[in-house]
Amino acid sequence: MFNNTKNKFNKKLNLQKLPQHIAIIMDGNGRWASRRGLPRNMGHKAGFENIKKIVEHIYKLGIKVVTFFTFSTENWKRPQEEIDGIFNLVRNHLKDDKEVQRLIDNDIKLTTMGDISKLPEDLYNKLTEVQQKTQNAKKLVLNLAINYGGRAEILRAVNEIVKSGKGVKTTEEFASYLYSASLPDPDFVIRTSGELRISNFMLYQMAYSEFYFTKTYWPDFSTKQLEKALIDFQKRKRRFGAVK
Ligand code: IPE
Ligand code: IPE
Ligand code: MG
């Protein structure tokens, strides 16, 4: 289990008004490393460690779904060594039975979004196995977007619909063909590193998401900053096109 130390959250944070689904574009690992004179993969390693810290905090806050943009359909353009480094981090984490047991003990369901069949076979198998082992967990959905792109996802949905031989009538029905079919749309999207763009992330699902951009590089994005972002989220007036 996660440690049971008494949770001390920022007093300004209203725990009754948290987003249901936070999606995080974890950016800036490379620059975090370069700034320290380290190879880019050290930045990914530090970034991966930060995922664990942030997941634990999100869990303790009681948020139900978190998606991490881990590897995009465009990230294949990077040097093979860097790609291997990123996959190795996921691989080594899931290979550790203690880590998988930690998911089970904490009632955390691991899901993925993206075409994971294009990943190295052992990684694909491991991801599938852990998803199966945690499929009944109820407390938190930990969703990893790997080999994920919003456009590729929409294209895949269209092809599935064509294959099914029947059209779809509503946008909800269309959404049921997306990887995220079982998840609520992200109500809060955070991007670190100072870039002000979406980079092909959850294009369909972000129609009414609230956005939060910070200059902090992902490995430095702390639980305190997460709470600050959430306080900001709670000040937003969401209208969904209506007059309120
Ligand atoms: C984000 O960090 C992680 C991935 C895209 C896998 P980057 O690797 O994009 O870091 P920067 O943007 O080059 O600093
Ligand atoms: C987005 O970051 C992808 C992930 C965080 C996995 P990138 O670093 O790939 O995005 P661009 O290239 O700056 O748009
Ligand atoms: Mg980047």
# chains A, B, ... in the order shown; residues from 1 in each chain; ligands from 1
>>> select_by_dssp(residues="range 47-113 of chain A", states="alpha helix (DSSP H)", output="number ranges by chain")
A: 47-61, 80-95, 97-105
>>> closest_atom_pairs(of="chain A", to="ligand 1", cutoff="8 Å", atoms="only C-alpha atoms and all ligand atoms", output="CSV")
residue,atom,partner,partner_atom_place_in_ligand_line,distance
A:Ile25,CA,ligand 1,1 (C),7.7
A:Met26,CA,ligand 1,1 (C),5.3
A:Asp27,CA,ligand 1,1 (C),3.7
A:Gly28,CA,ligand 1,14 (O),3.3
A:Asn29,CA,ligand 1,2 (O),3.9
A:Gly30,CA,ligand 1,14 (O),3.6
A:Arg31,CA,ligand 1,14 (O),3.6
A:Trp32,CA,ligand 1,14 (O),6.2
A:Ala33,CA,ligand 1,14 (O),7.9
A:Arg40,CA,ligand 1,8 (O),7.0
A:Gly43,CA,ligand 1,8 (O),7.5
A:His44,CA,ligand 1,3 (C),6.5
A:Gly47,CA,ligand 1,3 (C),7.7
A:Phe69,CA,ligand 1,4 (C),7.7
A:Thr70,CA,ligand 1,6 (C),5.4
A:Phe71,CA,ligand 1,6 (C),4.9
A:Ser72,CA,ligand 1,5 (C),6.9
A:Asn75,CA,ligand 1,5 (C),6.4
A:Ile86,CA,ligand 1,6 (C),6.7
A:Ser193,CA,ligand 1,12 (O),6.9
A:Tyr217,CA,ligand 1,14 (O),7.3
A:Trp218,CA,ligand 1,2 (O),7.3
>>> write_last_selection(atoms="C-alpha atoms", output="short mmCIF file (atom, residue, chain, number, x, y, z; two decimals), in the first residue's frame")
data_model
loop_
_atom_site.label_atom_id
_atom_site.label_comp_id
_atom_site.auth_asym_id
_atom_site.auth_seq_id
_atom_site.Cartn_x
_atom_site.Cartn_y
_atom_site.Cartn_z
CA ILE A 25 1.22 15.99 -21.23
CA MET A 26 4.51 15.31 -19.49
CA ASP A 27 6.93 17.47 -21.43
CA GLY A 28 10.43 18.77 -20.79
CA ASN A 29 12.32 15.63 -19.78
CA GLY A 30 14.98 16.24 -22.43
CA ARG A 31 15.50 19.88 -21.51
CA TRP A 32 15.57 18.99 -17.81
CA ALA A 33 18.49 16.65 -18.57
CA ARG A 40 18.21 12.96 -22.52
CA GLY A 43 15.57 13.14 -18.07
CA HIS A 44 13.14 10.38 -18.99
CA GLY A 47 10.35 11.94 -15.41
CA PHE A 69 0.98 11.00 -22.37
CA THR A 70 3.93 8.63 -22.34
CA PHE A 71 4.84 8.15 -26.01
CA SER A 72 3.20 9.70 -29.05
CA ASN A 75 7.83 10.18 -31.01
CA ILE A 86 11.67 5.18 -22.74
CA SER A 193 7.64 22.61 -19.96
CA TYR A 217 9.85 20.68 -16.73
CA TRP A 218 8.03 17.44 -16.00
#
>>> residues_around(residues="range 174-181 of chain A", least_positions_apart="6", cutoff="9 Å", atoms="only C-alpha atoms", output="list in words")
Thr112, Met113, Gly114, Glu153, Ile154, Arg156, Ala157, Val158, Glu160, Ile161, Val168, Met202, Tyr204 and Gln205 of chain A
>>> write_last_selection(atoms="C-alpha atoms", output="compact mmCIF listing (two decimals), in the first residue's frame")
# COMPACT_ATOMS: atom_id res chain seq x y z
CA THR A 112 -3.46 1.88 -22.08
CA MET A 113 -4.48 4.05 -24.97
CA GLY A 114 -2.79 3.78 -28.38
CA GLU A 153 -7.25 7.27 -32.81
CA ILE A 154 -9.99 9.05 -34.77
CA ARG A 156 -9.03 3.95 -36.26
CA ALA A 157 -12.51 4.70 -34.93
CA VAL A 158 -13.75 5.63 -38.40
CA GLU A 160 -13.98 0.36 -37.07
CA ILE A 161 -17.31 2.03 -37.77
CA VAL A 168 -23.13 6.17 -35.78
CA MET A 202 -6.83 13.40 -27.00
CA TYR A 204 -11.71 14.42 -29.63
CA GLN A 205 -11.97 14.12 -25.85
>>> select_by_dssp(residues="range 90-148 of chain A", states="strand (DSSP E)", output="PyMOL selection string")
chain A and resi 108-113+140-148
>>> write_last_selection(atoms="C-alpha atoms", output="mmCIF file, in the first residue's frame")
data_model
loop_
_atom_site.group_PDB
_atom_site.id
_atom_site.type_symbol
_atom_site.label_atom_id
_atom_site.label_comp_id
_atom_site.auth_asym_id
_atom_site.auth_seq_id
_atom_site.Cartn_x
_atom_site.Cartn_y
_atom_site.Cartn_z
ATOM 1 C CA ILE A 108 -5.406 0.668 -9.196
ATOM 2 C CA LYS A 109 -6.427 -0.352 -12.692
ATOM 3 C CA LEU A 110 -3.807 0.018 -15.404
ATOM 4 C CA THR A 111 -5.148 0.765 -18.874
ATOM 5 C CA THR A 112 -3.463 1.881 -22.082
ATOM 6 C CA MET A 113 -4.484 4.048 -24.966
ATOM 7 C CA LEU A 140 -8.007 4.773 -9.650
ATOM 8 C CA VAL A 141 -7.593 4.250 -13.380
ATOM 9 C CA LEU A 142 -3.970 4.770 -14.372
ATOM 10 C CA ASN A 143 -4.137 5.219 -18.109
ATOM 11 C CA LEU A 144 -0.936 5.293 -20.152
ATOM 12 C CA ALA A 145 -1.071 6.765 -23.643
ATOM 13 C CA ILE A 146 1.629 4.841 -25.491
ATOM 14 C CA ASN A 147 2.065 4.991 -29.249
ATOM 15 C CA TYR A 148 -0.946 7.246 -29.014
#
>>> residues_around(residues="range 196-198 of chain A", least_positions_apart="5", cutoff="9 Å", atoms="only C-alpha atoms", output="PyMOL selection string")
chain A and resi 25+191+203+213
>>> write_last_selection(atoms="N, CA, C and O atoms", output="PDB file, in the first residue's frame")
ATOM      1  N   ILE A  25       0.214  16.031 -20.165  1.00  0.00           N
ATOM      2  CA  ILE A  25       1.217  15.994 -21.232  1.00  0.00           C
ATOM      3  C   ILE A  25       2.550  16.275 -20.538  1.00  0.00           C
ATOM      4  O   ILE A  25       2.885  17.412 -20.216  1.00  0.00           O
ATOM      5  N   ARG A 191      -0.130  20.644 -19.143  1.00  0.00           N
ATOM      6  CA  ARG A 191       1.083  20.434 -19.927  1.00  0.00           C
ATOM      7  C   ARG A 191       2.243  21.162 -19.259  1.00  0.00           C
ATOM      8  O   ARG A 191       2.157  22.351 -18.981  1.00  0.00           O
ATOM      9  N   LEU A 203      -7.505  14.605 -28.990  1.00  0.00           N
ATOM     10  CA  LEU A 203      -8.154  15.693 -29.735  1.00  0.00           C
ATOM     11  C   LEU A 203      -9.671  15.686 -29.574  1.00  0.00           C
ATOM     12  O   LEU A 203     -10.291  16.725 -29.376  1.00  0.00           O
ATOM     13  N   PHE A 213      -1.142  25.308 -18.227  1.00  0.00           N
ATOM     14  CA  PHE A 213       0.224  25.214 -18.743  1.00  0.00           C
ATOM     15  C   PHE A 213       1.194  25.757 -17.700  1.00  0.00           C
ATOM     16  O   PHE A 213       0.934  26.797 -17.096  1.00  0.00           O
TER      17      PHE A 213
END
>>> residues_around(residues="Asp96 in chain A", least_positions_apart="6", cutoff="12 Å", atoms="only C-alpha atoms", output="ChimeraX atom specification")
/A:89-90,102-103,126,130
>>> write_last_selection(atoms="C-alpha atoms", output="PDB file, in the first residue's frame")
ATOM      1  CA  LEU A  89      11.595   2.431 -18.157  1.00  0.00           C
ATOM      2  CA  VAL A  90       8.079   1.063 -18.612  1.00  0.00           C
ATOM      3  CA  ARG A 102       1.407  -2.418  -5.455  1.00  0.00           C
ATOM      4  CA  LEU A 103      -1.148  -1.611  -8.140  1.00  0.00           C
ATOM      5  CA  LYS A 126       3.549  -7.361 -20.172  1.00  0.00           C
ATOM      6  CA  VAL A 130      -0.900  -6.194 -16.120  1.00  0.00           C
TER       7      VAL A 130
END
>>> atom_distance(atom1="CA of Phe233 in chain A", atom2="CA of Gly150 in chain A")
23.5 Å
>>> atom_distance(atom1="CA of Pro219 in chain A", atom2="CA of Asn50 in chain A")
5.7 Å
>>> closest_residue(among="A:Thr192, A:Asn41, A:Thr171, A:Gln80", to="ligand 2", atoms="only C-alpha atoms and all ligand atoms")
A:Thr192
>>> closest_residue(among="A:Glu195, A:Asp97, A:Asp185, A:Glu82", to="ligand 3", atoms="only C-alpha atoms and all ligand atoms")
A:Glu195
>>> atom_distance(atom1="CA of Leu119 in chain A", atom2="CA of Asn159 in chain A")
21.4 Å
>>> closest_residue(among="A:Lys139, A:Pro39, A:Asn7, A:Arg236", to="Glu81 in chain A", atoms="only C-alpha atoms")
A:Pro39
>>> residues_around(residues="Leu13 in chain A", least_positions_apart="2", cutoff="8 Å", atoms="only C-alpha atoms", output="PyMOL selection string")
chain A and resi 9-11+15+227+230-231
>>> write_last_selection(atoms="all heavy atoms", output="PDB file, in the first residue's frame")
ATOM      1  N   PHE A   9      -3.168  18.346   2.576  1.00  0.00           N
ATOM      2  CA  PHE A   9      -3.380  19.017   1.298  1.00  0.00           C
ATOM      3  C   PHE A   9      -3.481  20.521   1.526  1.00  0.00           C
ATOM      4  O   PHE A   9      -3.820  20.965   2.621  1.00  0.00           O
ATOM      5  CB  PHE A   9      -4.669  18.504   0.640  1.00  0.00           C
ATOM      6  CG  PHE A   9      -4.677  17.017   0.413  1.00  0.00           C
ATOM      7  CD1 PHE A   9      -5.689  16.215   0.936  1.00  0.00           C
ATOM      8  CD2 PHE A   9      -3.667  16.408  -0.329  1.00  0.00           C
ATOM      9  CE1 PHE A   9      -5.693  14.845   0.722  1.00  0.00           C
ATOM     10  CE2 PHE A   9      -3.666  15.045  -0.545  1.00  0.00           C
ATOM     11  CZ  PHE A   9      -4.682  14.255  -0.017  1.00  0.00           C
ATOM     12  N   ASN A  10      -3.224  21.272   0.471  1.00  0.00           N
ATOM     13  CA  ASN A  10      -3.375  22.723   0.508  1.00  0.00           C
ATOM     14  C   ASN A  10      -4.802  23.077   0.984  1.00  0.00           C
ATOM     15  O   ASN A  10      -5.779  22.517   0.482  1.00  0.00           O
ATOM     16  CB  ASN A  10      -3.137  23.277  -0.912  1.00  0.00           C
ATOM     17  CG  ASN A  10      -3.054  24.781  -0.941  1.00  0.00           C
ATOM     18  OD1 ASN A  10      -3.876  25.473  -0.344  1.00  0.00           O
ATOM     19  ND2 ASN A  10      -2.058  25.287  -1.645  1.00  0.00           N
ATOM     20  N   LYS A  11      -4.867  23.975   1.959  1.00  0.00           N
ATOM     21  CA  LYS A  11      -6.179  24.293   2.557  1.00  0.00           C
ATOM     22  C   LYS A  11      -7.154  24.916   1.553  1.00  0.00           C
ATOM     23  O   LYS A  11      -8.364  24.873   1.734  1.00  0.00           O
ATOM     24  CB  LYS A  11      -5.983  25.236   3.741  1.00  0.00           C
ATOM     25  CG  LYS A  11      -5.373  24.524   4.927  1.00  0.00           C
ATOM     26  CD  LYS A  11      -5.696  25.229   6.234  1.00  0.00           C
ATOM     27  CE  LYS A  11      -5.206  24.416   7.423  1.00  0.00           C
ATOM     28  NZ  LYS A  11      -3.744  24.173   7.355  1.00  0.00           N
ATOM     29  N   LEU A  15     -11.749  19.427  -1.785  1.00  0.00           N
ATOM     30  CA  LEU A  15     -11.662  18.006  -2.165  1.00  0.00           C
ATOM     31  C   LEU A  15     -12.972  17.475  -2.766  1.00  0.00           C
ATOM     32  O   LEU A  15     -13.010  16.392  -3.318  1.00  0.00           O
ATOM     33  CB  LEU A  15     -11.239  17.150  -0.968  1.00  0.00           C
ATOM     34  CG  LEU A  15      -9.847  17.461  -0.415  1.00  0.00           C
ATOM     35  CD1 LEU A  15      -9.529  16.600   0.798  1.00  0.00           C
ATOM     36  CD2 LEU A  15      -8.760  17.274  -1.477  1.00  0.00           C
ATOM     37  N   GLU A 227      -1.317  20.627  -6.801  1.00  0.00           N
ATOM     38  CA  GLU A 227      -2.406  21.200  -6.003  1.00  0.00           C
ATOM     39  C   GLU A 227      -2.709  22.637  -6.433  1.00  0.00           C
ATOM     40  O   GLU A 227      -3.864  23.038  -6.497  1.00  0.00           O
ATOM     41  CB  GLU A 227      -2.045  21.144  -4.516  1.00  0.00           C
ATOM     42  CG  GLU A 227      -2.008  19.706  -4.006  1.00  0.00           C
ATOM     43  CD  GLU A 227      -1.852  19.605  -2.505  1.00  0.00           C
ATOM     44  OE1 GLU A 227      -1.818  20.646  -1.818  1.00  0.00           O
ATOM     45  OE2 GLU A 227      -1.755  18.462  -2.030  1.00  0.00           O
ATOM     46  N   LEU A 230      -4.750  22.463  -9.447  1.00  0.00           N
ATOM     47  CA  LEU A 230      -6.123  22.051  -9.137  1.00  0.00           C
ATOM     48  C   LEU A 230      -6.928  23.202  -8.527  1.00  0.00           C
ATOM     49  O   LEU A 230      -8.119  23.354  -8.797  1.00  0.00           O
ATOM     50  CB  LEU A 230      -6.107  20.846  -8.186  1.00  0.00           C
ATOM     51  CG  LEU A 230      -5.658  19.529  -8.835  1.00  0.00           C
ATOM     52  CD1 LEU A 230      -5.349  18.480  -7.778  1.00  0.00           C
ATOM     53  CD2 LEU A 230      -6.716  19.013  -9.813  1.00  0.00           C
ATOM     54  N   ILE A 231      -6.265  24.029  -7.731  1.00  0.00           N
ATOM     55  CA  ILE A 231      -6.941  25.201  -7.150  1.00  0.00           C
ATOM     56  C   ILE A 231      -7.353  26.133  -8.294  1.00  0.00           C
ATOM     57  O   ILE A 231      -8.457  26.678  -8.304  1.00  0.00           O
ATOM     58  CB  ILE A 231      -6.023  25.907  -6.130  1.00  0.00           C
ATOM     59  CG1 ILE A 231      -5.849  25.009  -4.897  1.00  0.00           C
ATOM     60  CG2 ILE A 231      -6.576  27.269  -5.726  1.00  0.00           C
ATOM     61  CD1 ILE A 231      -4.707  25.409  -3.971  1.00  0.00           C
TER      62      ILE A 231
END
>>> closest_residue(among="A:Arg238, A:Lys224, A:Lys166, A:Lys45", to="Phe211 in chain A", atoms="only C-alpha atoms")
A:Arg238
